[in-house]
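Q: Contents of run-v1.cif (mmCIF, C-alpha atoms) are below:
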```cif
data_entry
#
loop_
_atom_site.label_atom_id
_atom_site.label_comp_id
_atom_site.auth_asym_id
_atom_site.auth_seq_id
_atom_site.Cartn_x
_atom_site.Cartn_y
_atom_site.Cartn_z
CA MET A 1 9.48 -13.92 18.94
CA ARG A 2 6.46 -15.34 17.09
CA VAL A 3 3.81 -12.76 16.18
CA LEU A 4 0.28 -13.14 14.83
CA GLY A 5 -0.50 -10.20 12.52
CA LEU A 6 -4.01 -8.99 11.65
CA GLU A 7 -4.83 -6.51 8.87
CA THR A 8 -8.39 -5.16 8.50
CA SER A 9 -7.95 -1.51 7.53
CA CYS A 10 -10.10 -1.54 4.39
CA ASP A 11 -11.29 -4.27 2.01
CA GLU A 12 -8.74 -7.06 2.53
CA THR A 13 -8.66 -9.37 5.52
CA GLY A 14 -5.05 -10.36 6.10
CA VAL A 15 -3.62 -12.76 8.67
CA ALA A 16 -0.03 -13.95 9.07
CA ILE A 17 2.43 -15.47 11.52
CA TYR A 18 5.96 -14.08 11.52
CA ASP A 19 8.84 -15.54 13.53
CA SER A 20 11.82 -13.27 14.25
CA LYS A 21 14.24 -16.18 13.67
CA LEU A 22 12.45 -18.31 11.08
CA GLY A 23 10.77 -15.56 9.06
CA LEU A 24 7.26 -15.68 7.63
CA LEU A 25 5.61 -18.98 8.54
CA SER A 26 2.17 -18.59 6.97
CA HIS A 27 -0.21 -15.97 5.65
CA ARG A 28 -3.66 -15.62 4.11
CA ILE A 29 -5.41 -12.75 2.34
CA TYR A 30 -9.12 -12.58 1.64
CA SER A 31 -10.18 -9.85 -0.80
CA GLN A 32 -13.62 -8.23 -0.70
CA ILE A 33 -13.44 -7.06 -4.32
CA ALA A 34 -16.48 -9.09 -5.40
CA LEU A 35 -18.48 -7.75 -2.46
CA HIS A 36 -17.90 -4.10 -3.31
CA ALA A 37 -17.71 -4.33 -7.12
CA GLU A 38 -21.41 -3.70 -7.72
CA TYR A 39 -21.16 -0.44 -5.75
CA GLY A 40 -18.10 0.83 -7.60
CA GLY A 41 -16.11 1.27 -4.39
CA VAL A 42 -15.73 0.18 -0.79
CA VAL A 43 -18.86 0.33 1.38
CA PRO A 44 -17.51 0.72 4.95
CA GLU A 45 -20.35 -1.10 6.73
CA LEU A 46 -20.15 -4.08 4.38
CA ALA A 47 -16.38 -4.17 4.77
CA SER A 48 -16.65 -4.30 8.56
CA ARG A 49 -19.24 -7.08 8.51
CA ASP A 50 -17.16 -9.17 6.13
CA HIS A 51 -14.08 -8.81 8.32
CA VAL A 52 -16.15 -10.13 11.24
CA GLN A 53 -17.11 -13.22 9.21
CA LYS A 54 -13.70 -13.95 7.70
CA LEU A 55 -11.14 -13.02 10.34
CA LEU A 56 -11.42 -15.91 12.80
CA PRO A 57 -11.53 -18.65 10.11
CA LEU A 58 -8.43 -17.11 8.51
CA ILE A 59 -6.63 -17.09 11.87
CA GLN A 60 -7.44 -20.76 12.29
CA GLU A 61 -6.18 -21.54 8.77
CA VAL A 62 -2.91 -19.67 9.28
CA MET A 63 -2.20 -21.26 12.64
CA SER A 64 -2.94 -24.71 11.27
CA ASP A 65 -0.74 -24.12 8.23
CA ALA A 66 2.13 -22.90 10.43
CA LYS A 67 1.61 -25.80 12.83
CA THR A 68 1.30 -23.21 15.58
CA SER A 69 -0.94 -23.32 18.65
CA SER A 70 -1.97 -20.45 20.88
CA SER A 71 0.80 -21.35 23.34
CA ASP A 72 3.38 -20.73 20.59
CA ILE A 73 2.23 -17.15 19.95
CA ASP A 74 4.35 -14.58 21.81
CA ALA A 75 2.47 -11.44 20.76
CA ILE A 76 -0.26 -10.09 18.49
CA ALA A 77 0.01 -7.14 16.10
CA TYR A 78 -3.02 -5.56 14.47
CA THR A 79 -3.59 -2.54 12.24
CA SER A 80 -4.86 0.38 14.31
CA GLY A 81 -4.79 3.03 11.60
CA PRO A 82 -5.09 4.74 9.26
CA GLY A 83 -8.15 3.21 7.62
CA LEU A 84 -11.90 2.74 7.94
CA VAL A 85 -12.85 3.03 11.60
CA GLY A 86 -15.32 0.13 11.62
CA ALA A 87 -12.94 -2.17 9.76
CA LEU A 88 -10.06 -1.25 12.06
CA MET A 89 -12.23 -1.96 15.10
CA VAL A 90 -12.79 -5.55 13.97
CA GLY A 91 -9.09 -6.37 13.83
CA ALA A 92 -8.30 -4.42 16.97
CA MET A 93 -11.02 -6.10 19.02
CA MET A 94 -9.96 -9.53 17.80
CA GLY A 95 -6.30 -8.81 18.45
CA ARG A 96 -6.91 -7.43 21.94
CA SER A 97 -9.29 -10.25 22.85
CA LEU A 98 -6.90 -13.00 21.77
CA ALA A 99 -3.98 -11.27 23.50
CA TYR A 100 -5.98 -11.09 26.73
CA ALA A 101 -7.11 -14.72 26.46
CA TRP A 102 -3.61 -15.99 25.62
CA ASP A 103 -1.90 -13.64 28.11
CA VAL A 104 0.47 -12.12 25.56
CA PRO A 105 1.21 -8.49 24.64
CA ALA A 106 -0.54 -6.77 21.75
CA LEU A 107 0.42 -3.77 19.66
CA GLY A 108 -1.45 -1.54 17.22
CA VAL A 109 0.56 -1.07 14.01
CA HIS A 110 0.56 1.82 11.55
CA HIS A 111 -0.79 0.57 8.22
CA MET A 112 1.63 2.58 6.09
CA GLU A 113 4.63 1.56 8.20
CA GLY A 114 3.59 -2.00 7.40
CA HIS A 115 3.67 -1.20 3.67
CA LEU A 116 6.98 0.63 4.00
CA LEU A 117 8.61 -2.38 5.69
CA ALA A 118 7.02 -5.05 3.45
CA PRO A 119 10.15 -5.31 1.23
CA MET A 120 12.01 -6.48 4.35
CA LEU A 121 10.18 -9.79 3.94
CA GLU A 122 12.10 -10.51 0.74
CA ALA A 123 15.32 -12.54 0.45
CA ASN A 124 17.29 -9.42 -0.49
CA PRO A 125 15.90 -6.63 1.70
CA PRO A 126 17.03 -2.99 1.49
CA GLU A 127 19.27 -1.53 4.18
CA PHE A 128 18.65 1.69 6.09
CA PRO A 129 18.76 4.53 5.29
CA PHE A 130 16.64 4.87 2.13
CA ILE A 131 13.96 6.93 0.42
CA ALA A 132 10.49 5.39 0.40
CA LEU A 133 7.86 6.10 -2.22
CA LEU A 134 4.52 5.13 -0.69
CA VAL A 135 1.86 4.84 -3.37
CA SER A 136 -1.61 3.50 -2.68
CA GLY A 137 -5.27 4.40 -3.00
CA GLY A 138 -5.04 6.78 -0.07
CA HIS A 139 -1.41 7.89 0.03
CA THR A 140 1.32 9.22 -2.24
CA GLN A 141 4.34 10.23 -0.19
CA LEU A 142 8.10 10.46 -0.41
CA VAL A 143 9.68 9.70 2.96
CA LYS A 144 13.29 9.73 4.13
CA VAL A 145 13.74 6.61 6.25
CA ASP A 146 16.72 6.45 8.60
CA GLY A 147 15.38 3.50 10.59
CA ILE A 148 12.13 2.07 11.91
CA GLY A 149 10.15 5.00 13.21
CA GLN A 150 12.71 7.49 11.91
CA TYR A 151 10.65 9.08 9.16
CA HIS A 152 10.91 12.51 7.59
CA LEU A 153 8.23 13.51 5.09
CA LEU A 154 9.78 14.99 1.94
CA GLY A 155 6.67 15.37 -0.21
CA GLU A 156 3.11 14.20 -0.65
CA SER A 157 0.09 14.56 -2.89
CA LEU A 158 -1.77 17.83 -2.45
CA ASP A 159 -5.01 16.27 -3.70
CA ASP A 160 -5.72 12.79 -5.11
CA ALA A 161 -3.34 9.95 -4.30
CA ALA A 162 -1.89 8.10 -7.31
CA GLY A 163 -4.01 5.00 -6.65
CA GLU A 164 -7.11 7.13 -6.25
CA ALA A 165 -6.40 8.81 -9.58
CA PHE A 166 -6.08 5.38 -11.23
CA ASP A 167 -9.44 4.30 -9.82
CA LYS A 168 -11.19 7.52 -10.85
CA ALA A 169 -9.77 7.37 -14.38
CA ALA A 170 -11.00 3.78 -14.63
CA LYS A 171 -14.46 4.81 -13.49
CA MET A 172 -14.58 7.43 -16.26
CA MET A 173 -14.02 4.59 -18.72
CA ASP A 174 -16.73 2.48 -17.11
CA LEU A 175 -14.25 -0.15 -15.91
CA ASP A 176 -15.05 -2.39 -12.95
CA TYR A 177 -13.81 -1.87 -9.39
CA PRO A 178 -10.98 -1.82 -8.47
CA GLY A 179 -9.99 0.18 -11.52
CA GLY A 180 -6.26 0.62 -11.06
CA PRO A 181 -5.15 -2.83 -12.26
CA LEU A 182 -7.70 -2.70 -15.10
CA ILE A 183 -6.34 0.64 -16.32
CA ALA A 184 -2.83 -0.84 -16.31
CA LYS A 185 -4.02 -3.88 -18.26
CA LEU A 186 -5.88 -1.71 -20.78
CA ALA A 187 -2.82 0.52 -21.17
CA GLU A 188 -0.83 -2.44 -22.50
CA LYS A 189 -3.02 -2.32 -25.63
CA GLY A 190 -2.57 1.43 -26.10
CA LYS A 191 -0.33 3.18 -28.60
CA GLU A 192 2.41 5.32 -27.11
CA GLY A 193 2.18 9.01 -28.02
CA THR A 194 -1.38 9.01 -29.33
CA PHE A 195 -2.30 11.15 -26.33
CA VAL A 196 0.13 13.13 -24.18
CA PHE A 197 -1.01 14.24 -20.73
CA PRO A 198 0.79 16.67 -18.39
CA ARG A 199 3.32 15.55 -15.80
CA PRO A 200 1.99 17.62 -12.87
CA MET A 201 4.39 19.77 -10.83
CA VAL A 202 7.60 18.32 -12.32
CA ASP A 203 8.58 21.72 -13.74
CA ARG A 204 8.80 23.35 -10.30
CA PRO A 205 11.06 22.66 -7.32
CA GLY A 206 9.91 20.47 -4.47
CA LEU A 207 8.72 16.91 -4.02
CA ASP A 208 4.96 17.31 -3.69
CA PHE A 209 2.50 15.69 -6.12
CA SER A 210 -0.83 16.64 -7.68
CA PHE A 211 -2.96 14.32 -9.78
CA SER A 212 -6.33 16.12 -9.93
CA GLY A 213 -5.39 18.03 -13.10
CA LEU A 214 -4.30 14.82 -14.79
CA LYS A 215 -7.67 13.30 -13.97
CA THR A 216 -9.34 16.28 -15.64
CA ALA A 217 -7.18 15.81 -18.74
CA VAL A 218 -8.40 12.21 -19.00
CA LEU A 219 -12.02 13.32 -18.72
CA THR A 220 -11.52 15.94 -21.43
CA ALA A 221 -9.98 13.38 -23.79
CA ILE A 222 -12.86 10.99 -23.21
CA GLN A 223 -15.46 13.69 -23.87
CA GLN A 224 -13.72 14.82 -27.06
CA HIS A 225 -13.76 11.29 -28.51
CA GLN A 226 -16.96 9.87 -27.08
CA GLN A 227 -19.40 7.93 -29.20
CA ALA A 228 -23.11 7.31 -28.80
CA ASP A 229 -22.61 5.28 -25.61
CA GLY A 230 -20.64 8.11 -24.03
CA LEU A 231 -17.23 6.42 -24.37
CA PRO A 232 -14.56 6.45 -27.11
CA ASP A 233 -13.97 3.28 -29.13
CA ASP A 234 -11.94 0.49 -27.54
CA GLN A 235 -8.60 1.46 -29.10
CA THR A 236 -8.98 5.10 -28.11
CA CYS A 237 -9.77 4.07 -24.54
CA ALA A 238 -6.61 1.97 -24.53
CA ASP A 239 -4.60 4.90 -25.90
CA ILE A 240 -5.98 7.20 -23.19
CA ALA A 241 -5.19 4.62 -20.50
CA CYS A 242 -1.66 4.27 -21.85
CA ALA A 243 -1.10 8.03 -21.80
CA PHE A 244 -2.57 8.35 -18.31
CA GLU A 245 -0.42 5.56 -16.88
CA ALA A 246 2.68 7.02 -18.54
CA ALA A 247 1.99 10.45 -17.02
CA VAL A 248 1.53 9.05 -13.51
CA VAL A 249 4.59 6.81 -13.74
CA ASP A 250 6.81 9.54 -15.19
CA THR A 251 5.75 11.94 -12.44
CA LEU A 252 6.48 9.41 -9.70
CA ALA A 253 9.83 8.49 -11.26
CA ILE A 254 10.95 12.11 -11.72
CA LYS A 255 10.10 13.06 -8.13
CA SER A 256 11.68 9.88 -6.74
CA ARG A 257 14.92 10.49 -8.58
CA ARG A 258 14.87 14.10 -7.42
CA ALA A 259 14.46 12.96 -3.80
CA LEU A 260 17.47 10.65 -4.11
CA GLU A 261 19.61 13.34 -5.69
CA GLN A 262 18.66 15.92 -3.07
CA THR A 263 19.44 13.60 -0.15
CA GLY A 264 22.45 11.88 -1.70
CA MET A 265 20.94 8.44 -1.13
CA LYS A 266 21.20 5.49 -3.50
CA THR A 267 18.30 3.29 -2.41
CA LEU A 268 14.60 3.71 -3.16
CA VAL A 269 11.86 1.51 -1.71
CA ILE A 270 8.43 1.59 -3.35
CA ALA A 271 5.50 0.21 -1.39
CA GLY A 272 1.72 0.18 -1.42
CA GLY A 273 -0.78 -1.11 -3.97
CA VAL A 274 0.50 0.97 -6.91
CA SER A 275 4.03 -0.41 -6.38
CA ALA A 276 2.82 -3.57 -8.16
CA ASN A 277 2.46 -1.58 -11.40
CA LYS A 278 4.85 -3.10 -13.96
CA ARG A 279 5.50 0.12 -15.81
CA LEU A 280 6.36 1.95 -12.59
CA ARG A 281 8.87 -0.71 -11.57
CA ARG A 282 10.45 -0.77 -15.02
CA GLU A 283 10.70 3.01 -15.30
CA LEU A 284 12.20 3.39 -11.83
CA GLU A 285 14.79 0.69 -12.47
CA ILE A 286 15.86 2.38 -15.73
CA SER A 287 15.82 5.92 -14.35
CA LEU A 288 17.64 5.15 -11.11
CA ALA A 289 20.30 3.03 -12.80
CA LYS A 290 21.45 6.22 -14.52
CA ILE A 291 22.42 7.73 -11.16
CA GLY A 292 23.76 4.49 -9.67
CA ALA A 293 20.73 3.91 -7.44
CA LYS A 294 18.64 0.79 -6.84
CA VAL A 295 14.94 0.22 -6.29
CA PHE A 296 13.44 -2.38 -3.94
CA TYR A 297 9.85 -3.59 -3.68
CA ALA A 298 7.83 -6.44 -2.23
CA ARG A 299 6.36 -9.32 -4.23
CA ASN A 300 2.91 -8.53 -5.63
CA GLU A 301 0.96 -10.33 -2.88
CA PHE A 302 2.63 -8.09 -0.30
CA CYS A 303 1.97 -4.87 -2.22
CA THR A 304 -1.72 -5.12 -1.44
CA ASP A 305 -2.93 -4.93 2.18
CA ASN A 306 -1.75 -8.05 4.01
CA GLY A 307 -1.16 -9.51 7.45
CA ALA A 308 2.50 -10.35 6.80
CA MET A 309 3.58 -6.71 6.73
CA ILE A 310 1.68 -6.03 9.96
CA ALA A 311 3.20 -9.08 11.68
CA TYR A 312 6.70 -8.02 10.60
CA ALA A 313 6.33 -4.36 11.56
CA GLY A 314 4.71 -5.30 14.85
CA CYS A 315 7.44 -7.83 15.61
CA GLN A 316 10.18 -5.21 15.26
CA ARG A 317 8.45 -2.87 17.69
CA LEU A 318 7.51 -5.62 20.12
CA ILE A 319 11.12 -6.79 20.24
CA ALA A 320 12.05 -3.20 21.09
CA GLY A 321 9.74 -3.41 24.10
CA GLN A 322 6.69 -1.58 22.80
CA LYS A 323 3.18 -2.79 23.60
CA ASP A 324 -0.28 -1.29 24.14
CA ASP A 325 -2.46 -1.31 27.21
CA LEU A 326 -5.99 -2.68 27.17
CA SER A 327 -7.51 0.49 25.73
CA LEU A 328 -8.15 0.59 21.99
CA GLN A 329 -6.59 3.44 20.06
CA ILE A 330 -8.06 3.42 16.57
CA LYS A 331 -6.98 6.24 14.25
CA ALA A 332 -8.70 6.84 10.92
CA ARG A 333 -5.99 9.42 10.21
CA TRP A 334 -2.49 8.97 11.56
CA PRO A 335 0.61 10.79 10.20
CA LEU A 336 3.53 8.42 9.74
CA THR A 337 5.87 10.98 11.25
CA GLU A 338 4.13 10.66 14.65
CA LEU A 339 5.51 7.15 15.22
CA LYS A 340 8.16 6.51 17.85
CA SER A 341 11.66 5.64 16.72
CA ILE A 342 13.21 2.30 17.56
CA THR A 343 16.70 0.99 17.00
CA PRO A 344 16.61 -1.25 13.89
CA SER A 345 17.02 -4.94 14.77
#
```
As structure tokens, please, write out the structure in this file.
A:
Amino acid sequence: MRVLGLETSCDETGVAIYDSKLGLLSHRIYSQIALHAEYGGVVPELASRDHVQKLLPLIQEVMSDAKTSSSDIDAIAYTSGPGLVGALMVGAMMGRSLAYAWDVPALGVHHMEGHLLAPMLEANPPEFPFIALLVSGGHTQLVKVDGIGQYHLLGESLDDAAGEAFDKAAKMMDLDYPGGPLIAKLAEKGKEGTFVFPRPMVDRPGLDFSFSGLKTAVLTAIQQHQQADGLPDDQTCADIACAFEAAVVDTLAIKSRRALEQTGMKTLVIAGGVSANKRLRRELEISLAKIGAKVFYARNEFCTDNGAMIAYAGCQRLIAGQKDDLSLQIKARWPLTELKSITPS
């Protein structure tokens, strides 16, 4: 089965073609970072308009690159939630329209299931069952995964997601949007141990997260060392960034290892935008090696929002016989545990 995948949940326009026998044939990602940078965050209306402008040209590019015509497409998968409603509508309308015109089935895909399955696109994919750590700007969750659609939530953030905390800490330091990667880059110049921030909720049982207190600790450190311009000097900012990143990474690593030990599993998958963080990958590999466990993740271009993960996830469900009717079902909020189970292919 050859599937065209469309991703328009937030500020990346992603398009890909995935073939169940040949694998990923082509993909493109257009980022709206420059568009939203001057506002310090995503402006939903601008995001929707940009998806309208970029989506069809990207589809044409991907199909040309894959040497694929409309008659070669067997189905279309598009992100139907969670995400920004207007942005989701763009991809859904395009996906439904093309499916109707080409007389092929279409299926709305869960954005976070796409992230969770993105490592399956790699040459050495993980095998079910495993524990998934989903870390992005909107989600921080630990999920027990027994198969596609067989998800059991073990823990989640009670307030800010890890990616959201990264962005907010960056904003406190007057860094550009998106702040997460810039905080990580600044942290590389910091001195370990100059600042030590709390590792929230690691001293109590359970697998939930909380990052709001850590964000407050960063703000306090900045205020205590601020100069005339309201910010600490460059080295102090780097030291604060280093301490902040270390606290987030340690917290994620401790809870992930705890989840593996409690379930008896030996495989962890990390997915979502924060999974590209180098320190997180390194710390998880070191920590999990001590208990004989392995960590899997997607290449960096598939950690961000992308069409390849939607095409892959959609393909697995379409092969299992799932498809949507002509009505659009867009969900700004959509618990992962509500998805139907399918037998892994």
Q: For the PyMOL selection byres ((chain A and resi 320-337) around 8), applied here, can you spell out every residue it catches as a PyMOL selection string?
A: chain A and resi 80-85+88-89+92-93+96+105-108+110+112-113+149-153+316-319+338-339+342-343
Q: So how far away is CA of Cys315 in chain A from CA of Pro126 in chain A, in Å?
A: 17.7 Å
Q: Work out how far apart CA of Gly264 in chain A and CA of Leu133 in chain A are and give it in Å to one decimal.
A: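 Taking CA of Gly264 in chain A as the start and CA of Leu133 in chain A as the end point, the length is 15.7 Å.
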Q: So what does the PyMOL selection byres ((chain A and resi 10) around 12) actually pick up in this one, as a PDB file with C-alpha atoms, keeping the file's coordinate frame?
A:
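To be explicit, this is the file written out as out-v9.pdb:
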```
ATOM      1  CA  GLU A   7      -4.830  -6.510   8.870  1.00  0.00           C
ATOM      2  CA  THR A   8      -8.390  -5.160   8.500  1.00  0.00           C
ATOM      3  CA  SER A   9      -7.950  -1.510   7.530  1.00  0.00           C
ATOM      4  CA  ASP A  11     -11.290  -4.270   2.010  1.00  0.00           C
ATOM      5  CA  GLU A  12      -8.740  -7.060   2.530  1.00  0.00           C
ATOM      6  CA  THR A  13      -8.660  -9.370   5.520  1.00  0.00           C
ATOM      7  CA  GLY A  14      -5.050 -10.360   6.100  1.00  0.00           C
ATOM      8  CA  TYR A  30      -9.120 -12.580   1.640  1.00  0.00           C
ATOM      9  CA  SER A  31     -10.180  -9.850  -0.800  1.00  0.00           C
ATOM     10  CA  GLN A  32     -13.620  -8.230  -0.700  1.00  0.00           C
ATOM     11  CA  ILE A  33     -13.440  -7.060  -4.320  1.00  0.00           C
ATOM     12  CA  HIS A  36     -17.900  -4.100  -3.310  1.00  0.00           C
ATOM     13  CA  GLY A  41     -16.110   1.270  -4.390  1.00  0.00           C
ATOM     14  CA  VAL A  42     -15.730   0.180  -0.790  1.00  0.00           C
ATOM     15  CA  VAL A  43     -18.860   0.330   1.380  1.00  0.00           C
ATOM     16  CA  PRO A  44     -17.510   0.720   4.950  1.00  0.00           C
ATOM     17  CA  GLU A  45     -20.350  -1.100   6.730  1.00  0.00           C
ATOM     18  CA  LEU A  46     -20.150  -4.080   4.380  1.00  0.00           C
ATOM     19  CA  ALA A  47     -16.380  -4.170   4.770  1.00  0.00           C
ATOM     20  CA  SER A  48     -16.650  -4.300   8.560  1.00  0.00           C
ATOM     21  CA  ARG A  49     -19.240  -7.080   8.510  1.00  0.00           C
ATOM     22  CA  ASP A  50     -17.160  -9.170   6.130  1.00  0.00           C
ATOM     23  CA  HIS A  51     -14.080  -8.810   8.320  1.00  0.00           C
ATOM     24  CA  THR A  79      -3.590  -2.540  12.240  1.00  0.00           C
ATOM     25  CA  SER A  80      -4.860   0.380  14.310  1.00  0.00           C
ATOM     26  CA  GLY A  81      -4.790   3.030  11.600  1.00  0.00           C
ATOM     27  CA  PRO A  82      -5.090   4.740   9.260  1.00  0.00           C
ATOM     28  CA  GLY A  83      -8.150   3.210   7.620  1.00  0.00           C
ATOM     29  CA  LEU A  84     -11.900   2.740   7.940  1.00  0.00           C
ATOM     30  CA  VAL A  85     -12.850   3.030  11.600  1.00  0.00           C
ATOM     31  CA  GLY A  86     -15.320   0.130  11.620  1.00  0.00           C
ATOM     32  CA  ALA A  87     -12.940  -2.170   9.760  1.00  0.00           C
ATOM     33  CA  LEU A  88     -10.060  -1.250  12.060  1.00  0.00           C
ATOM     34  CA  MET A  89     -12.230  -1.960  15.100  1.00  0.00           C
ATOM     35  CA  VAL A  90     -12.790  -5.550  13.970  1.00  0.00           C
ATOM     36  CA  GLY A  91      -9.090  -6.370  13.830  1.00  0.00           C
ATOM     37  CA  HIS A 111      -0.790   0.570   8.220  1.00  0.00           C
ATOM     38  CA  GLY A 137      -5.270   4.400  -3.000  1.00  0.00           C
ATOM     39  CA  GLY A 138      -5.040   6.780  -0.070  1.00  0.00           C
ATOM     40  CA  THR A 304      -1.720  -5.120  -1.440  1.00  0.00           C
ATOM     41  CA  ASP A 305      -2.930  -4.930   2.180  1.00  0.00           C
ATOM     42  CA  ASN A 306      -1.750  -8.050   4.010  1.00  0.00           C
ATOM     43  CA  ALA A 332      -8.700   6.840  10.920  1.00  0.00           C
TER      44      ALA A 332
END
```
Q: Could you check the closest approach to Ser71 in chain A for each of A:Ala37, A:Ala161, A:Ala293, A:Val3 and tell me which residue wins, using only C-alpha atoms?
A: A:Val3
Q: Could you pull the residues within 6 Å of range 178-195 of chain A, counting all atoms listed in the file, minus those fewer than 3 positions along the same chain, as number ranges by chain?
A: A: 166-167, 170, 238-239, 241-243
Q: Could those selected residues go to a file with C-alpha atoms, as a short mmCIF file (atom, residue, chain, number, x, y, z; two decimals), in the coordinates of the input?
A:
```cif
data_model
loop_
_atom_site.label_atom_id
_atom_site.label_comp_id
_atom_site.auth_asym_id
_atom_site.auth_seq_id
_atom_site.Cartn_x
_atom_site.Cartn_y
_atom_site.Cartn_z
CA PHE A 166 -6.08 5.38 -11.23
CA ASP A 167 -9.44 4.30 -9.82
CA ALA A 170 -11.00 3.78 -14.63
CA ALA A 238 -6.61 1.97 -24.53
CA ASP A 239 -4.60 4.90 -25.90
CA ALA A 241 -5.19 4.62 -20.50
CA CYS A 242 -1.66 4.27 -21.85
CA ALA A 243 -1.10 8.03 -21.80
#
```
Q: Using all atoms listed in the file, find the one residue out of A:Ala75, A:Met201, A:Val248, A:Ala16 that sits nearest to Asn277 in chain A.
A: A:Val248
Q: Skip Arg279 in chain A itself and residues of its chain fewer than 4 positions away, then list as JSON, numbers by chain all residues within 9 Å of it, counting all atoms listed in the file.
A: {"A": [184, 245, 246, 249, 283, 284]}
Q: Applying the PyMOL selection byres ((chain A and resi 205) around 12) to the file I just gave you, which residues come out? Please list them as an MDAnalysis selection string.
A: chainID A and resid 155 200:204 206:209 254:255 258:259 262
Q: Can you tell me how far CA of Glu164 in chain A sits from CA of Val109 in chain A, in Å to one decimal?
A: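 Atom-to-atom, CA of Glu164 in chain A to CA of Val109 in chain A, that is 23.2 Å.
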Q: Using only C-alpha atoms for the distances, tell me which of A:Ile17, A:Val196, A:Val145, A:Leu219 is nearest to Met265 in chain A.
A: A:Val145
Q: Would you mind putting N, CA and C atoms back on range 293-309 of chain A and writing the result as a short mmCIF file (atom, residue, chain, number, x, y, z; two decimals), keeping the file's coordinate frame?
A:
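Generated file (out_10.cif):
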```cif
data_model
loop_
_atom_site.label_atom_id
_atom_site.label_comp_id
_atom_site.auth_asym_id
_atom_site.auth_seq_id
_atom_site.Cartn_x
_atom_site.Cartn_y
_atom_site.Cartn_z
N ALA A 293 21.62 4.24 -8.56
CA ALA A 293 20.73 3.91 -7.44
C ALA A 293 19.93 2.65 -7.75
N LYS A 294 19.42 2.02 -6.70
CA LYS A 294 18.64 0.79 -6.84
C LYS A 294 17.24 0.97 -6.26
N VAL A 295 16.32 0.19 -6.79
CA VAL A 295 14.94 0.22 -6.29
C VAL A 295 14.58 -1.15 -5.74
N PHE A 296 13.88 -1.16 -4.60
CA PHE A 296 13.44 -2.38 -3.94
C PHE A 296 11.92 -2.34 -3.79
N TYR A 297 11.29 -3.50 -3.88
CA TYR A 297 9.85 -3.59 -3.68
C TYR A 297 9.49 -5.00 -3.24
N ALA A 298 8.31 -5.13 -2.69
CA ALA A 298 7.83 -6.44 -2.23
C ALA A 298 7.21 -7.21 -3.39
N ARG A 299 7.09 -8.52 -3.23
CA ARG A 299 6.36 -9.32 -4.23
C ARG A 299 4.91 -8.82 -4.28
N ASN A 300 4.23 -9.10 -5.40
CA ASN A 300 2.91 -8.53 -5.63
C ASN A 300 1.92 -8.80 -4.50
N GLU A 301 1.93 -10.00 -3.92
CA GLU A 301 0.96 -10.33 -2.88
C GLU A 301 1.18 -9.52 -1.61
N PHE A 302 2.37 -8.93 -1.46
CA PHE A 302 2.63 -8.09 -0.30
C PHE A 302 2.59 -6.60 -0.64
N CYS A 303 2.21 -6.27 -1.87
CA CYS A 303 1.97 -4.87 -2.22
C CYS A 303 0.57 -4.46 -1.78
N THR A 304 -0.37 -5.38 -1.93
CA THR A 304 -1.72 -5.12 -1.44
C THR A 304 -1.73 -5.21 0.08
N ASP A 305 -2.84 -4.83 0.72
CA ASP A 305 -2.93 -4.93 2.18
C ASP A 305 -2.80 -6.40 2.59
N ASN A 306 -1.99 -6.67 3.60
CA ASN A 306 -1.75 -8.05 4.01
C ASN A 306 -1.32 -8.14 5.46
N GLY A 307 -1.51 -9.31 6.06
CA GLY A 307 -1.16 -9.51 7.45
C GLY A 307 0.33 -9.68 7.67
N ALA A 308 1.06 -10.12 6.64
CA ALA A 308 2.50 -10.35 6.80
C ALA A 308 3.23 -9.06 7.14
N MET A 309 2.89 -7.98 6.46
CA MET A 309 3.58 -6.71 6.73
C MET A 309 3.27 -6.20 8.13
#
```
